[in-house]
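Novice: Can you read through this structure? Questions will come right after.
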Amino acid sequence: MTRFYLRLTLLPLIIFTAVLLLIHARPYDDHELRELLLPEGCPAPCFMGIRPGVTTMDEALKSLVADNRVDINLAAINLDTLGSYYDVQLNESTARLIDMHQRVQFEFQNTPPHVISKITLYPTSQMSVGDIYLFLGKPDLYVVIPNTITIDGVDQPIASVYRLYHGLLTVFLTVSNCPINLNEMVKQPIYEVEFHDKLRTDFPYTSPDLEARLKRVDCV
């Protein structure tokens, strides 16, 4: 009887591991995922050398232009009149995992020196939740939030997958029903990636005691 219950306990883990291995076998280069999420020489969270809470908007724009990642006229940009958001269109040669039909959004402090607080980008369908598990390890939190995203004309509940870096945060948005079925969720594409400078207080996007709790919850 003990062996029977042990088998029942191990079966979901075996199935979950098998799903991850199948996802990992998909034909795209992990180097691109590493370059996007864990670039060499830039502590996470970091996007193309730009770090929320560290890099200013002026520094970010100059870096993107110097690396030929964007085509913008820096002289025409006045950060003091932009509010706190600025969207950029990346050149197609910069990163294949980013959806080039979508702009990358930078949120920054509206007072000098205009430090970036959040970066939002939209990956292609090549990136899945399973890739995040395999590449970054088990997330610190995943939760279905009370909001929806429209996929192929159908509203679906949003699930957030959180990864913490010493008080900084990367959030991956996908879709999932309640309760979360991990075997199904790992197959889902990542629809949005957010890099945050700190843990915010507007849960479910972040939580001030998230790092201490490391709690897995299904729904809020």
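Numbering starts fresh at 1 for the residues of each chain in the structure tokens, the chains themselves are lettered A, B, ... in the order given, and ligands are numbered from 1 as they appear.
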Determine, counting only C-alpha atoms, which protein, DNA and RNA residues have an atom within 12 Å of an atom of Asn73 in chain A; residues of the same chain fewer than 5 positions away are not included. Present the result as JSON, numbers by chain.

Specialist: {"A": [61, 62, 64, 65, 66, 78, 88]}

Novice: Per residue of range 32-121 of chain A within 10 Å of range 153-170 of chain A, which atom pair is closest and at what distance in Å (one decimal), using only C-alpha atoms, listed by chain and increasing number, as CSV?

Specialist:
residue,atom,partner,partner_atom,distance
A:Leu37,CA,A:Thr170,CA,9.0
A:Pro43,CA,A:Tyr165,CA,8.8
A:Ala44,CA,A:Tyr165,CA,6.6
A:Pro45,CA,A:Thr170,CA,6.2
A:Cys46,CA,A:Thr170,CA,9.2
A:Arg51,CA,A:Leu168,CA,9.9
A:Pro52,CA,A:Leu168,CA,8.4
A:Gly53,CA,A:Leu168,CA,8.7
A:Lys118,CA,A:Leu169,CA,9.6
A:Ile119,CA,A:Thr170,CA,9.6
A:Thr120,CA,A:Thr170,CA,10.0

Novice: Could the residues in this selection be written to a file with all heavy atoms, as a short mmCIF file (atom, residue, chain, number, x, y, z; two decimals), in the first residue's frame?

Specialist:
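Dumped everything to part_37.cif:
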data_model
loop_
_atom_site.label_atom_id
_atom_site.label_comp_id
_atom_site.auth_asym_id
_atom_site.auth_seq_id
_atom_site.Cartn_x
_atom_site.Cartn_y
_atom_site.Cartn_z
N LEU A 37 17.49 37.53 -20.98
CA LEU A 37 17.12 37.53 -19.56
C LEU A 37 18.31 37.62 -18.61
O LEU A 37 18.18 38.19 -17.52
CB LEU A 37 16.32 36.27 -19.24
CG LEU A 37 15.00 36.10 -19.99
CD1 LEU A 37 14.34 34.79 -19.60
CD2 LEU A 37 14.06 37.27 -19.74
N PRO A 43 23.94 42.37 -14.04
CA PRO A 43 23.12 41.62 -13.08
C PRO A 43 21.62 41.77 -13.35
O PRO A 43 21.14 42.85 -13.68
CB PRO A 43 23.49 42.26 -11.73
CG PRO A 43 24.82 42.91 -11.96
CD PRO A 43 24.80 43.36 -13.39
N ALA A 44 20.90 40.67 -13.23
CA ALA A 44 19.45 40.68 -13.44
C ALA A 44 18.75 41.44 -12.32
O ALA A 44 19.23 41.47 -11.19
CB ALA A 44 18.93 39.24 -13.51
N PRO A 45 17.61 42.06 -12.67
CA PRO A 45 17.01 42.15 -14.00
C PRO A 45 17.71 43.18 -14.87
O PRO A 45 18.01 44.29 -14.43
CB PRO A 45 15.56 42.56 -13.70
CG PRO A 45 15.65 43.31 -12.40
CD PRO A 45 16.75 42.68 -11.63
N CYS A 46 17.95 42.79 -16.12
CA CYS A 46 18.70 43.65 -17.04
C CYS A 46 18.20 43.40 -18.45
O CYS A 46 18.01 42.26 -18.86
CB CYS A 46 20.19 43.35 -16.93
SG CYS A 46 21.23 44.27 -18.10
N ARG A 51 19.32 48.64 -16.59
CA ARG A 51 18.86 48.07 -15.32
C ARG A 51 17.87 49.00 -14.63
O ARG A 51 18.20 50.15 -14.34
CB ARG A 51 20.04 47.80 -14.39
CG ARG A 51 21.07 46.82 -14.93
CD ARG A 51 22.04 46.44 -13.84
NE ARG A 51 21.36 45.69 -12.79
CZ ARG A 51 21.71 45.75 -11.50
NH1 ARG A 51 22.69 46.52 -11.11
NH2 ARG A 51 21.05 45.03 -10.60
N PRO A 52 16.65 48.52 -14.36
CA PRO A 52 15.70 49.33 -13.58
C PRO A 52 16.28 49.68 -12.22
O PRO A 52 16.92 48.85 -11.57
CB PRO A 52 14.49 48.40 -13.44
CG PRO A 52 14.62 47.42 -14.55
CD PRO A 52 16.09 47.22 -14.75
N GLY A 53 16.06 50.92 -11.81
CA GLY A 53 16.58 51.38 -10.53
C GLY A 53 18.01 51.84 -10.58
O GLY A 53 18.52 52.39 -9.60
N LYS A 118 10.80 50.62 -14.61
CA LYS A 118 10.17 49.41 -15.16
C LYS A 118 10.40 49.34 -16.67
O LYS A 118 10.37 50.36 -17.35
CB LYS A 118 8.67 49.41 -14.86
CG LYS A 118 7.88 48.24 -15.42
CD LYS A 118 6.39 48.41 -15.11
CE LYS A 118 5.54 47.35 -15.76
NZ LYS A 118 4.09 47.55 -15.51
N ILE A 119 10.64 48.13 -17.16
CA ILE A 119 10.78 47.89 -18.60
C ILE A 119 9.79 46.80 -18.98
O ILE A 119 9.74 45.75 -18.33
CB ILE A 119 12.21 47.45 -18.97
CG1 ILE A 119 13.24 48.47 -18.48
CG2 ILE A 119 12.34 47.25 -20.48
CD1 ILE A 119 14.67 47.98 -18.60
N THR A 120 9.00 47.03 -20.01
CA THR A 120 8.02 46.05 -20.47
C THR A 120 8.29 45.70 -21.92
O THR A 120 8.41 46.59 -22.77
CB THR A 120 6.58 46.59 -20.34
OG1 THR A 120 6.33 46.97 -18.99
CG2 THR A 120 5.57 45.54 -20.77
#

Novice: Can you work out which one of A:Pro146, A:Gly83, A:Pro189, A:Pro179 has the shortest atom-to-atom distance to Ser128 in chain A, counting only C-alpha atoms?

Specialist: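 For Ser128 in chain A, the nearest of the candidates is A:Pro189.
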
Novice: Taking the chain letters and numbering used in this document, name the residues of range 9-179 of chain A that DSSP puts in strand (DSSP E or B), as JSON, numbers by chain.

Specialist: {"A": [47, 50, 56, 70, 85, 86, 87, 88, 90, 98, 104, 105, 106, 107, 108, 115, 116, 117, 118, 119, 120, 121, 123, 128, 141, 142, 143, 144, 145, 146, 147, 148, 149, 150, 151, 154, 155, 156, 157, 158, 159, 160, 161, 162, 163, 164, 165, 168, 169, 170, 171, 172, 173, 174, 175]}

Novice: Which of these, A:Leu90, A:Ser84, A:Ile77, A:Cys219, has the shortest distance to Met48 in chain A once you count only C-alpha atoms?

Specialist: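 Closest candidate: A:Leu90.
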
Novice: Nearest to Arg103 in chain A among A:Cys42, A:Val115, A:Ile149, A:Val70, with distances taken over only C-alpha atoms: which residue is it?

Specialist: A:Val70

Novice: Which residues are near Pro113 in chain A? Cut-off 10 Å, only C-alpha atoms, ignore same chain within fewer than 5 positions. Put them as a list in words.

Specialist: Thr55, Thr56, Met57, Asp58, Glu59, Leu79, Asp80 and Phe108 of chain A

Novice: With N, CA, C and O atoms retained, write the just-selected residues as a PDB file, in the first residue's frame.

Specialist:
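Wrote it out as part.pdb, contents follow:
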ATOM      1  N   THR A  55      19.833  52.516 -14.206  1.00  0.00           N
ATOM      2  CA  THR A  55      20.064  53.247 -15.452  1.00  0.00           C
ATOM      3  C   THR A  55      19.060  54.386 -15.604  1.00  0.00           C
ATOM      4  O   THR A  55      17.865  54.208 -15.351  1.00  0.00           O
ATOM      5  N   THR A  56      19.535  55.551 -16.033  1.00  0.00           N
ATOM      6  CA  THR A  56      18.625  56.660 -16.314  1.00  0.00           C
ATOM      7  C   THR A  56      18.077  56.518 -17.733  1.00  0.00           C
ATOM      8  O   THR A  56      18.645  55.807 -18.570  1.00  0.00           O
ATOM      9  N   MET A  57      16.980  57.210 -17.993  1.00  0.00           N
ATOM     10  CA  MET A  57      16.373  57.135 -19.322  1.00  0.00           C
ATOM     11  C   MET A  57      17.311  57.708 -20.377  1.00  0.00           C
ATOM     12  O   MET A  57      17.409  57.190 -21.492  1.00  0.00           O
ATOM     13  N   ASP A  58      18.015  58.762 -20.035  1.00  0.00           N
ATOM     14  CA  ASP A  58      18.968  59.365 -20.969  1.00  0.00           C
ATOM     15  C   ASP A  58      20.087  58.385 -21.303  1.00  0.00           C
ATOM     16  O   ASP A  58      20.458  58.222 -22.474  1.00  0.00           O
ATOM     17  N   GLU A  59      20.612  57.703 -20.289  1.00  0.00           N
ATOM     18  CA  GLU A  59      21.666  56.708 -20.517  1.00  0.00           C
ATOM     19  C   GLU A  59      21.154  55.559 -21.376  1.00  0.00           C
ATOM     20  O   GLU A  59      21.869  55.059 -22.256  1.00  0.00           O
ATOM     21  N   LEU A  79      13.021  64.718 -21.966  1.00  0.00           N
ATOM     22  CA  LEU A  79      12.464  63.822 -20.957  1.00  0.00           C
ATOM     23  C   LEU A  79      11.556  64.544 -19.972  1.00  0.00           C
ATOM     24  O   LEU A  79      10.623  63.954 -19.426  1.00  0.00           O
ATOM     25  N   ASP A  80      11.799  65.825 -19.743  1.00  0.00           N
ATOM     26  CA  ASP A  80      10.993  66.576 -18.781  1.00  0.00           C
ATOM     27  C   ASP A  80       9.558  66.770 -19.258  1.00  0.00           C
ATOM     28  O   ASP A  80       8.670  67.064 -18.459  1.00  0.00           O
ATOM     29  N   PHE A 108       9.820  55.593 -16.230  1.00  0.00           N
ATOM     30  CA  PHE A 108      10.913  56.223 -15.502  1.00  0.00           C
ATOM     31  C   PHE A 108      10.379  57.302 -14.567  1.00  0.00           C
ATOM     32  O   PHE A 108       9.243  57.775 -14.705  1.00  0.00           O
TER      33      PHE A 108
END

Novice: Under the rule that only C-alpha atoms are counted, which of A:Val129, A:Glu92, A:Val54, A:Gly49 is the nearest residue to Asp71 in chain A?

Specialist: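 Ranking A:Val129, A:Glu92, A:Val54, A:Gly49 by distance to Asp71 in chain A, first place goes to A:Glu92.
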
Novice: Suppose you want the space between CA of Gly137 in chain A and CA of Leu97 in chain A; what is it in Å?

Specialist: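 Atom-to-atom, CA of Gly137 in chain A to CA of Leu97 in chain A, that is 19.4 Å.
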
Novice: CA of Met185 in chain A and CA of Phe47 in chain A are how many Å apart?

Specialist: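 For CA of Met185 in chain A relative to CA of Phe47 in chain A, the distance reads 24.9 Å.
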